[in-house]
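Single-structure report; data block below.
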Amino acid sequence: MMSKTDHFVSERQALIYAQLHRHGRVLAQELAQSFDVSEDTVRRDLREMAARGECERVYGGALLASGTTVPLKTRMGEMPDRKATLGQAAASFVQNGMIVFLDAGSTNLAIAKNLAVGLKLTIVTNTPAIAAELAGNADIELILIGGRVDPAVGAAIDTTAIRQLELIRPDLCIVGVCGLTLDRGLCADIYEDAVFKRMACEASAKTLAAVTSEKLGATAAFQVASLSSTLTLVLEEDADRHMIGALADTGINIHQAGSSSGISSHMHLSKDQSR
């Protein structure tokens, strides 16, 4: 027979599960405040749910199980302040004269919004929302990669888009990712999206990823790019220190938004430097 306590636990976990399906991710601190319980209680809930395959635990919370992606339109409304801070930090790596591929992602949309005024750039994107943000800027030559727009990714990732991407050699690829682990590097949930992202990274001289803290250590089904010296990570100020240390040991360039300097050198990549 289920006790009253068990009933409350199952009810709370059902509500957490509903939030996961609505938003794709949950944060332990926010759940604790919402349910008026301790973060330890929420973490116990998430452990039990992960054991049942209902979520994947990550630093600070949990994500939907691998193979699912929250629609871009939904993600655009989540954590706007945090993404704006990341976007501002990541945008500082975009320098005058660059050809930049700006991949799908709500954080990448924040980067587009924070590009410095007056930069002469060529921006290539497969994401209509990002193109709409940049359209009309006289200093930016905007190239929109076309094709069928995937409703979850919010971008064109089909064979038509791939053929167009093959003709472009950006100085910098700003890639959106679903997870980041030490052994697999940058990852995505959808196979076709991962293929497109991988090609964009390989075509570019340098790659940058702005990653929110809950994606650190999160697994996703398909690899996009391994950790290498051509990769720069822009992380949040509260990113897990142990994870940052392990990432820094791989030799990649790491910068924390809000900090006065990066974990390794915060190098601006001019067009001449990037190749």
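Just so we're on the same page: first chain in the structure tokens is A, next is B, and so on; residues restart at 1 for each chain, and ligands are numbered from 1 in the order they show up.
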Q.
Show me, as a list in words, the residues that have an atom within 6 Å of region 218-228 of chain A when counting only C-alpha atoms, minus same-chain residues fewer than 6 positions from it.
A.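 After dropping sequence-adjacent residues, the list is Val58, Ser66, Gly179, Leu180, Gly185, Leu186, Cys187, Ala188, Asp189, Ala194, Arg198 and Ile252 of chain A.
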Please write the residues from the selection above to a file, keeping N, CA and C atoms, as a PDB file, in the first residue's frame.
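Produced file result31.pdb, reproduced below:
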ATOM      1  N   VAL A  58      22.293  15.815 -15.173  1.00  0.00           N
ATOM      2  CA  VAL A  58      23.432  16.636 -15.535  1.00  0.00           C
ATOM      3  C   VAL A  58      23.702  17.593 -14.386  1.00  0.00           C
ATOM      4  N   SER A  66      18.253  11.036 -24.226  1.00  0.00           N
ATOM      5  CA  SER A  66      18.880  11.263 -25.525  1.00  0.00           C
ATOM      6  C   SER A  66      17.919  10.959 -26.654  1.00  0.00           C
ATOM      7  N   GLY A 179      24.997  18.747 -25.808  1.00  0.00           N
ATOM      8  CA  GLY A 179      25.755  18.207 -24.685  1.00  0.00           C
ATOM      9  C   GLY A 179      27.241  18.309 -24.932  1.00  0.00           C
ATOM     10  N   LEU A 180      28.020  18.171 -23.861  1.00  0.00           N
ATOM     11  CA  LEU A 180      29.478  18.242 -23.924  1.00  0.00           C
ATOM     12  C   LEU A 180      30.063  17.306 -22.882  1.00  0.00           C
ATOM     13  N   GLY A 185      33.291  14.954 -26.608  1.00  0.00           N
ATOM     14  CA  GLY A 185      33.304  16.331 -27.079  1.00  0.00           C
ATOM     15  C   GLY A 185      31.912  16.899 -27.230  1.00  0.00           C
ATOM     16  N   LEU A 186      31.704  17.668 -28.292  1.00  0.00           N
ATOM     17  CA  LEU A 186      30.418  18.308 -28.554  1.00  0.00           C
ATOM     18  C   LEU A 186      29.467  17.304 -29.199  1.00  0.00           C
ATOM     19  N   CYS A 187      28.199  17.295 -28.741  1.00  0.00           N
ATOM     20  CA  CYS A 187      27.243  16.304 -29.225  1.00  0.00           C
ATOM     21  C   CYS A 187      25.890  16.948 -29.512  1.00  0.00           C
ATOM     22  N   ALA A 188      25.073  16.239 -30.316  1.00  0.00           N
ATOM     23  CA  ALA A 188      23.719  16.673 -30.634  1.00  0.00           C
ATOM     24  C   ALA A 188      22.779  15.487 -30.549  1.00  0.00           C
ATOM     25  N   ASP A 189      21.488  15.770 -30.393  1.00  0.00           N
ATOM     26  CA  ASP A 189      20.493  14.720 -30.203  1.00  0.00           C
ATOM     27  C   ASP A 189      19.977  14.108 -31.501  1.00  0.00           C
ATOM     28  N   ALA A 194      23.403  16.650 -36.249  1.00  0.00           N
ATOM     29  CA  ALA A 194      24.808  16.399 -35.902  1.00  0.00           C
ATOM     30  C   ALA A 194      25.680  16.343 -37.153  1.00  0.00           C
ATOM     31  N   ARG A 198      28.674  18.906 -37.820  1.00  0.00           N
ATOM     32  CA  ARG A 198      30.026  18.377 -38.003  1.00  0.00           C
ATOM     33  C   ARG A 198      30.658  18.924 -39.279  1.00  0.00           C
ATOM     34  N   ILE A 252      42.088  22.995 -24.947  1.00  0.00           N
ATOM     35  CA  ILE A 252      41.169  23.897 -25.627  1.00  0.00           C
ATOM     36  C   ILE A 252      41.141  25.249 -24.921  1.00  0.00           C
TER      37      ILE A 252
END
Compile a residue-level contact table for region 167-215 of chain A against region 150-154 of chain A at a cut-off of 12 Å, reporting for every qualifying residue the shortest atom pair and its distance in Å to one decimal, with only C-alpha atoms counted, rows ordered by chain and ascending number, as a tab-separated table.
residue	atom	partner	partner_atom	distance
A:Gly176	CA	A:Val153	CA	10.1
A:Val177	CA	A:Val153	CA	10.8
A:Cys178	CA	A:Val153	CA	10.8
A:Ala188	CA	A:Val153	CA	10.3
A:Asp189	CA	A:Val153	CA	9.8
A:Ile190	CA	A:Val153	CA	8.5
A:Tyr191	CA	A:Val153	CA	11.2
A:Glu192	CA	A:Asp150	CA	9.7
A:Asp193	CA	A:Val153	CA	7.4
A:Ala194	CA	A:Val153	CA	10.6
A:Phe196	CA	A:Val153	CA	11.3
A:Lys197	CA	A:Val153	CA	11.4
Written selection (C-alpha atoms) as a compact mmCIF listing (two decimals), in the first residue's frame:
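Writing done, so here's part-v8.txt:
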# COMPACT_ATOMS: atom_id res chain seq x y z
CA GLY A 176 25.05 24.98 -31.11
CA VAL A 177 25.20 21.75 -29.11
CA CYS A 178 22.99 19.60 -26.89
CA ALA A 188 23.72 16.67 -30.63
CA ASP A 189 20.49 14.72 -30.20
CA ILE A 190 19.35 14.46 -33.82
CA TYR A 191 21.46 12.56 -36.37
CA GLU A 192 20.88 14.90 -39.34
CA ASP A 193 21.57 17.93 -37.18
CA ALA A 194 24.81 16.40 -35.90
CA PHE A 196 25.27 19.22 -40.54
CA LYS A 197 27.03 20.68 -37.50
Q) Pick the closest to Leu27 (chain A) from A:Leu102, A:Thr212, A:Thr159, A:Glu141: which is it, counting only C-alpha atoms? A)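 The shortest atom-to-atom distance to Leu27 (chain A) comes from A:Thr212.
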(Q) Just want the 12 Å neighbourhood of Leu165 (chain A), counted on only C-alpha atoms, with same-chain residues fewer than 5 positions away dropped. Output as a PyMOL selection string. (A) chain A and resi 101-103+124-126+143-147+156-160+170+173+195-204
Include C-alpha atoms and write out the residues we just selected as a PDB file, in the first residue's frame.
ATOM      1  CA  PHE A 101      28.796  30.448 -39.759  1.00  0.00           C
ATOM      2  CA  LEU A 102      26.155  30.927 -37.071  1.00  0.00           C
ATOM      3  CA  ASP A 103      24.475  27.601 -36.319  1.00  0.00           C
ATOM      4  CA  VAL A 124      26.141  32.540 -42.931  1.00  0.00           C
ATOM      5  CA  THR A 125      23.280  30.836 -41.118  1.00  0.00           C
ATOM      6  CA  ASN A 126      20.790  28.041 -41.691  1.00  0.00           C
ATOM      7  CA  ILE A 143      23.775  34.525 -46.444  1.00  0.00           C
ATOM      8  CA  LEU A 144      20.852  32.267 -45.559  1.00  0.00           C
ATOM      9  CA  ILE A 145      21.305  28.574 -46.247  1.00  0.00           C
ATOM     10  CA  GLY A 146      18.004  27.176 -47.439  1.00  0.00           C
ATOM     11  CA  GLY A 147      16.095  23.921 -47.557  1.00  0.00           C
ATOM     12  CA  ALA A 156      17.602  23.831 -42.529  1.00  0.00           C
ATOM     13  CA  ILE A 157      19.709  20.683 -42.200  1.00  0.00           C
ATOM     14  CA  ASP A 158      18.639  18.617 -45.233  1.00  0.00           C
ATOM     15  CA  THR A 159      20.635  17.669 -48.348  1.00  0.00           C
ATOM     16  CA  THR A 160      19.846  21.015 -49.989  1.00  0.00           C
ATOM     17  CA  PRO A 170      34.104  30.226 -42.722  1.00  0.00           C
ATOM     18  CA  CYS A 173      31.861  28.305 -36.859  1.00  0.00           C
ATOM     19  CA  VAL A 195      25.933  15.641 -39.474  1.00  0.00           C
ATOM     20  CA  PHE A 196      25.272  19.223 -40.544  1.00  0.00           C
ATOM     21  CA  LYS A 197      27.028  20.678 -37.497  1.00  0.00           C
ATOM     22  CA  ARG A 198      30.026  18.377 -38.003  1.00  0.00           C
ATOM     23  CA  MET A 199      30.411  19.498 -41.621  1.00  0.00           C
ATOM     24  CA  ALA A 200      30.192  23.163 -40.568  1.00  0.00           C
ATOM     25  CA  CYS A 201      32.925  22.647 -37.968  1.00  0.00           C
ATOM     26  CA  GLU A 202      35.166  20.783 -40.396  1.00  0.00           C
ATOM     27  CA  ALA A 203      34.725  23.473 -43.064  1.00  0.00           C
ATOM     28  CA  SER A 204      35.714  26.260 -40.647  1.00  0.00           C
TER      29      SER A 204
END
Q: Between CA of Leu86 (chain A) and CA of Ala116 (chain A), measure the distance and give it in Å to one decimal.
A: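 These atoms are spaced 14.3 Å apart.
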Q) Distance CA of Glu236 (chain A)-CA of Lys83 (chain A), one decimal place? A)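 Distance between the two atoms: 9.0 Å.
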Q. Which residues come within 9 Å of Leu208 (chain A), counting only C-alpha atoms, excluding same-chain residues fewer than 6 positions away, as an MDAnalysis selection string?
A. chainID A and resid 90 93 172:176 230:234
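Looking only at region 58-165 of chain A, the set that DSSP places in strand (DSSP E) from backbone geometry is Val58, Gly61, Ala62, Leu63, Ile99, Val100, Phe101, Leu102, Leu121, Thr122, Ile123, Val124, Thr125, Ile140, Glu141, Leu142, Ile143, Leu144, Val149, Asp150, Ala155 and Ala156 of chain A.
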Selection file, all heavy atoms, as a compact mmCIF listing (two decimals), in the first residue's frame:
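So again_24.txt came out as:
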# COMPACT_ATOMS: atom_id res chain seq x y z
N VAL A 58 22.29 15.82 -15.17
CA VAL A 58 23.43 16.64 -15.53
C VAL A 58 23.70 17.59 -14.39
O VAL A 58 22.91 17.70 -13.44
CB VAL A 58 23.18 17.43 -16.84
CG1 VAL A 58 23.01 16.49 -18.02
CG2 VAL A 58 21.97 18.34 -16.71
N GLY A 61 20.83 19.78 -12.67
CA GLY A 61 19.45 19.41 -12.99
C GLY A 61 19.37 18.15 -13.82
O GLY A 61 20.07 17.18 -13.57
N ALA A 62 18.50 18.17 -14.84
CA ALA A 62 18.30 16.99 -15.68
C ALA A 62 17.80 17.42 -17.04
O ALA A 62 17.22 18.50 -17.22
CB ALA A 62 17.31 16.02 -15.03
N LEU A 63 18.03 16.54 -18.03
CA LEU A 63 17.57 16.75 -19.39
C LEU A 63 16.65 15.61 -19.80
O LEU A 63 16.65 14.54 -19.17
CB LEU A 63 18.75 16.80 -20.37
CG LEU A 63 19.84 17.84 -20.14
CD1 LEU A 63 20.97 17.61 -21.13
CD2 LEU A 63 19.28 19.23 -20.30
N ILE A 99 34.29 35.84 -41.87
CA ILE A 99 33.18 35.05 -42.38
C ILE A 99 32.79 34.08 -41.27
O ILE A 99 33.61 33.25 -40.85
CB ILE A 99 33.57 34.27 -43.65
CG1 ILE A 99 34.03 35.22 -44.75
CG2 ILE A 99 32.39 33.42 -44.13
CD1 ILE A 99 34.59 34.51 -45.97
N VAL A 100 31.57 34.19 -40.77
CA VAL A 100 31.14 33.42 -39.61
C VAL A 100 29.92 32.57 -39.97
O VAL A 100 28.94 33.11 -40.52
CB VAL A 100 30.78 34.34 -38.42
CG1 VAL A 100 30.32 33.52 -37.22
CG2 VAL A 100 31.97 35.22 -38.06
N PHE A 101 29.99 31.28 -39.68
CA PHE A 101 28.80 30.45 -39.76
C PHE A 101 28.14 30.44 -38.39
O PHE A 101 28.77 30.07 -37.39
CB PHE A 101 29.11 29.02 -40.18
CG PHE A 101 27.88 28.15 -40.17
CD1 PHE A 101 26.92 28.28 -41.15
CD2 PHE A 101 27.65 27.24 -39.14
CE1 PHE A 101 25.75 27.52 -41.12
CE2 PHE A 101 26.50 26.48 -39.11
CZ PHE A 101 25.54 26.61 -40.11
N LEU A 102 26.89 30.85 -38.34
CA LEU A 102 26.15 30.93 -37.07
C LEU A 102 25.08 29.86 -37.09
O LEU A 102 24.05 29.97 -37.78
CB LEU A 102 25.57 32.33 -36.91
CG LEU A 102 25.13 32.79 -35.52
CD1 LEU A 102 26.17 32.49 -34.45
CD2 LEU A 102 24.84 34.28 -35.53
N LEU A 121 31.01 42.17 -41.49
CA LEU A 121 31.02 40.72 -41.38
C LEU A 121 30.25 40.09 -42.53
O LEU A 121 29.35 40.70 -43.12
CB LEU A 121 30.35 40.28 -40.07
CG LEU A 121 30.94 40.79 -38.76
CD1 LEU A 121 29.99 40.45 -37.61
CD2 LEU A 121 32.31 40.17 -38.52
N THR A 122 30.61 38.83 -42.80
CA THR A 122 29.76 37.97 -43.61
C THR A 122 29.23 36.89 -42.67
O THR A 122 30.01 36.13 -42.09
CB THR A 122 30.53 37.32 -44.77
OG1 THR A 122 31.00 38.34 -45.65
CG2 THR A 122 29.63 36.36 -45.54
N ILE A 123 27.93 36.87 -42.46
CA ILE A 123 27.30 35.89 -41.59
C ILE A 123 26.52 34.90 -42.44
O ILE A 123 25.67 35.29 -43.25
CB ILE A 123 26.34 36.54 -40.58
CG1 ILE A 123 27.08 37.55 -39.69
CG2 ILE A 123 25.66 35.47 -39.73
CD1 ILE A 123 28.04 36.95 -38.70
N VAL A 124 26.85 33.62 -42.26
CA VAL A 124 26.14 32.54 -42.93
C VAL A 124 25.35 31.80 -41.86
O VAL A 124 25.90 31.45 -40.81
CB VAL A 124 27.12 31.57 -43.62
CG1 VAL A 124 26.35 30.49 -44.38
CG2 VAL A 124 28.06 32.32 -44.55
N THR A 125 24.08 31.58 -42.09
CA THR A 125 23.28 30.84 -41.12
C THR A 125 22.24 29.99 -41.83
O THR A 125 21.80 30.31 -42.93
CB THR A 125 22.60 31.78 -40.11
OG1 THR A 125 21.94 31.01 -39.09
CG2 THR A 125 21.59 32.69 -40.79
N ILE A 140 26.49 43.97 -42.39
CA ILE A 140 26.58 42.51 -42.45
C ILE A 140 26.09 42.01 -43.79
O ILE A 140 24.97 42.31 -44.22
CB ILE A 140 25.76 41.86 -41.32
CG1 ILE A 140 26.39 42.17 -39.96
CG2 ILE A 140 25.65 40.34 -41.52
CD1 ILE A 140 25.62 41.62 -38.77
N GLU A 141 26.95 41.25 -44.47
CA GLU A 141 26.51 40.52 -45.66
C GLU A 141 25.91 39.21 -45.15
O GLU A 141 26.62 38.38 -44.58
CB GLU A 141 27.67 40.24 -46.60
CG GLU A 141 27.23 39.49 -47.85
CD GLU A 141 28.37 39.24 -48.82
OE1 GLU A 141 29.51 39.67 -48.53
OE2 GLU A 141 28.13 38.60 -49.85
N LEU A 142 24.64 39.05 -45.32
CA LEU A 142 23.91 37.93 -44.74
C LEU A 142 23.61 36.88 -45.81
O LEU A 142 23.01 37.19 -46.84
CB LEU A 142 22.60 38.41 -44.11
CG LEU A 142 21.71 37.38 -43.46
CD1 LEU A 142 22.41 36.71 -42.28
CD2 LEU A 142 20.40 38.04 -43.00
N ILE A 143 24.03 35.64 -45.54
CA ILE A 143 23.78 34.52 -46.44
C ILE A 143 22.95 33.50 -45.70
O ILE A 143 23.38 32.95 -44.68
CB ILE A 143 25.09 33.89 -46.94
CG1 ILE A 143 25.92 34.93 -47.69
CG2 ILE A 143 24.80 32.68 -47.83
CD1 ILE A 143 27.32 34.44 -48.08
N LEU A 144 21.75 33.23 -46.20
CA LEU A 144 20.85 32.27 -45.56
C LEU A 144 20.88 30.96 -46.34
O LEU A 144 20.53 30.92 -47.51
CB LEU A 144 19.43 32.82 -45.51
CG LEU A 144 18.36 31.90 -44.91
CD1 LEU A 144 18.70 31.54 -43.47
CD2 LEU A 144 16.99 32.55 -45.00
N VAL A 149 13.09 23.42 -43.30
CA VAL A 149 13.42 23.78 -41.92
C VAL A 149 12.88 22.70 -40.99
O VAL A 149 11.67 22.46 -40.93
CB VAL A 149 12.83 25.15 -41.55
CG1 VAL A 149 13.07 25.45 -40.07
CG2 VAL A 149 13.46 26.25 -42.42
N ASP A 150 13.79 22.06 -40.26
CA ASP A 150 13.38 21.05 -39.29
C ASP A 150 12.64 21.73 -38.15
O ASP A 150 13.16 22.69 -37.55
CB ASP A 150 14.62 20.31 -38.76
CG ASP A 150 14.26 19.19 -37.81
OD1 ASP A 150 14.00 19.49 -36.63
OD2 ASP A 150 14.25 18.02 -38.23
N ALA A 155 16.01 24.96 -38.08
CA ALA A 155 16.98 25.33 -39.10
C ALA A 155 16.93 24.33 -40.24
O ALA A 155 16.40 23.22 -40.11
CB ALA A 155 18.39 25.38 -38.51
N ALA A 156 17.50 24.72 -41.38
CA ALA A 156 17.60 23.83 -42.53
C ALA A 156 18.83 22.93 -42.37
O ALA A 156 19.95 23.43 -42.20
CB ALA A 156 17.72 24.64 -43.82
